[in-house]
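S.K.: Following this message is one structure expressed as structure tokens.
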Amino acid sequence: MDITWYGHSCFRLTERGSTSIVTDPFDPGVGYGALNLKAQVVTISHEAAGHAHVDAVRDWEYVINRPGEYEIGGVFIIGTPMFNKKADDPKPNIVYSFDYSGVIVVHLGDLDHVPSQSALESLGEVAVLLVPVGGGGALNASQAAEVVSLIEPAIVVPMHYKTPHTQLELAGVEKFLAEMGVTSPTEEETLKVSTSGLPAQTQVTLLSYKQG
């Protein structure tokens, strides 16, 4: 399967013969420019301009914005509620697991705290973890590193951090890399994942931002 990053928390997941998915599409106010993506499924972690701009995706058949279990076009999708704690009134946040023929990709949305071990174990054996690392309303670098250590995914892809393209007040990815002890992360335009090609130890991969 292929994973492409369009900035902030927005990814497109595709596999030949399977359902295509776009996660957390954002509106142009985020600063990356207008998205114009195509997918069968759109998932929304929470209702905010930077995560729920469904109009940026065309030809979709399903929008998933609530917890539950779904099977669409051979892909199993589980939305797990993990309320955020930073706000006075905890806001909803849905963590999504996508199972593509045994390859499990987990998108943490705007998770802002380190959940319990039991909550994280419920996500299963994670191949790819899409994790916010830039703080703001989500995990900061040290929290993100702790979550990674608890989940132990094969591949970690940072998201939701400061880049030259975003106007949001976030920290850069460098702090997270330092927390992980990574000096030379793998860099890819598109992450290609298969069950036979997963690393034995957790690997951090930076995806190049692709204009949607």
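In the structure tokens, chains take letters A, B, ... by order of appearance, with residues numbered from 1 within each chain and ligands from 1 in the order shown.
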What lies within 8 Å of Glu189 in chain A using only C-alpha atoms, ignoring chain neighbours under 3 positions off, as a compact mmCIF listing (two decimals) with C-alpha atoms, in the first residue's frame?

M.R.:
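Saved as result.txt:
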```txt
# COMPACT_ATOMS: atom_id res chain seq x y z
CA THR A 4 1.13 10.09 0.80
CA LEU A 207 7.28 12.17 4.22
CA SER A 208 7.74 15.08 1.84
CA TYR A 209 4.75 17.38 1.72
CA LYS A 210 2.87 16.96 -1.55
```

S.K.: Return the single residue from A:Gly109, A:Gly137, A:Gly181, A:Pro132 that is closest to Ser45 in chain A, with distances computed using only C-alpha atoms.

M.R.: A:Gly109

S.K.: Neighbours of Val133 in chain A within 6 Å (only C-alpha atoms; same-chain residues fewer than 4 positions away dropped), as a PyMOL selection string?

M.R.: chain A and resi 139-141+144+161

S.K.: Mind checking which residues fall within 12 Å of Tyr96 in chain A, counting only C-alpha atoms, ignoring those fewer than 2 positions away in the same chain, and posting them as a VMD selection string?

M.R.: chain A and resid 21 to 24 42 to 46 64 to 70 76 to 82 93 to 94 98 to 99 104 to 111 120 122 to 124 126 128 to 131

S.K.: Restricting the output to C-alpha atoms, write the selected residues as a PDB file, in the first residue's frame.

M.R.:
```pdb
ATOM      1  CA  ILE A  21      -8.901   6.830   2.062  1.00  0.00           C
ATOM      2  CA  VAL A  22      -8.175  10.480   2.874  1.00  0.00           C
ATOM      3  CA  THR A  23      -7.656  11.399   6.523  1.00  0.00           C
ATOM      4  CA  ASP A  24      -8.373  14.789   8.126  1.00  0.00           C
ATOM      5  CA  VAL A  42     -12.890  10.374   4.171  1.00  0.00           C
ATOM      6  CA  THR A  43     -12.173  10.045   7.892  1.00  0.00           C
ATOM      7  CA  ILE A  44     -12.495  12.940  10.337  1.00  0.00           C
ATOM      8  CA  SER A  45     -10.793  12.775  13.735  1.00  0.00           C
ATOM      9  CA  HIS A  46     -12.665  15.820  15.055  1.00  0.00           C
ATOM     10  CA  ILE A  64     -16.617   8.559   8.774  1.00  0.00           C
ATOM     11  CA  ASN A  65     -16.669  11.015  11.672  1.00  0.00           C
ATOM     12  CA  ARG A  66     -17.720   8.860  14.607  1.00  0.00           C
ATOM     13  CA  PRO A  67     -16.408   5.836  16.477  1.00  0.00           C
ATOM     14  CA  GLY A  68     -17.308   2.377  15.218  1.00  0.00           C
ATOM     15  CA  GLU A  69     -16.238  -0.546  13.083  1.00  0.00           C
ATOM     16  CA  TYR A  70     -16.554  -0.460   9.310  1.00  0.00           C
ATOM     17  CA  PHE A  76     -11.396  -2.754   7.884  1.00  0.00           C
ATOM     18  CA  ILE A  77     -11.654   0.602   9.668  1.00  0.00           C
ATOM     19  CA  ILE A  78     -12.005   1.025  13.432  1.00  0.00           C
ATOM     20  CA  GLY A  79     -12.643   4.415  15.001  1.00  0.00           C
ATOM     21  CA  THR A  80     -11.714   4.495  18.685  1.00  0.00           C
ATOM     22  CA  PRO A  81     -12.750   7.473  20.844  1.00  0.00           C
ATOM     23  CA  MET A  82      -9.882   8.996  22.822  1.00  0.00           C
ATOM     24  CA  ASN A  93     -10.898  12.866  19.141  1.00  0.00           C
ATOM     25  CA  ILE A  94     -11.186   9.685  17.116  1.00  0.00           C
ATOM     26  CA  PHE A  98      -6.995   0.994   8.865  1.00  0.00           C
ATOM     27  CA  ASP A  99      -6.362  -2.665   8.115  1.00  0.00           C
ATOM     28  CA  ILE A 104      -2.489  -1.842  10.110  1.00  0.00           C
ATOM     29  CA  VAL A 105      -2.079   1.911   9.810  1.00  0.00           C
ATOM     30  CA  VAL A 106      -3.127   4.040  12.804  1.00  0.00           C
ATOM     31  CA  HIS A 107      -3.907   7.772  12.580  1.00  0.00           C
ATOM     32  CA  LEU A 108      -3.926   9.407  16.025  1.00  0.00           C
ATOM     33  CA  GLY A 109      -5.786  12.560  14.985  1.00  0.00           C
ATOM     34  CA  ASP A 110      -5.266  15.360  17.529  1.00  0.00           C
ATOM     35  CA  LEU A 111      -4.461  13.082  20.451  1.00  0.00           C
ATOM     36  CA  LEU A 120      -3.110   1.507  23.111  1.00  0.00           C
ATOM     37  CA  SER A 122      -6.535  -2.277  21.702  1.00  0.00           C
ATOM     38  CA  LEU A 123      -5.101  -0.812  18.473  1.00  0.00           C
ATOM     39  CA  GLY A 124      -3.429  -4.143  17.689  1.00  0.00           C
ATOM     40  CA  VAL A 126       0.581  -1.423  14.318  1.00  0.00           C
ATOM     41  CA  VAL A 128       2.537   2.388  10.548  1.00  0.00           C
ATOM     42  CA  LEU A 129       1.774   5.048  13.166  1.00  0.00           C
ATOM     43  CA  LEU A 130       0.803   8.526  11.974  1.00  0.00           C
ATOM     44  CA  VAL A 131       1.529  10.627  15.061  1.00  0.00           C
TER      45      VAL A 131
END
```

S.K.: Expressed in Å to a single decimal, how great is the separation between CA of Ile151 in chain A and CA of Gly50 in chain A?

M.R.: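 CA of Gly50 in chain A lies at a distance of 25.6 Å from CA of Ile151 in chain A.
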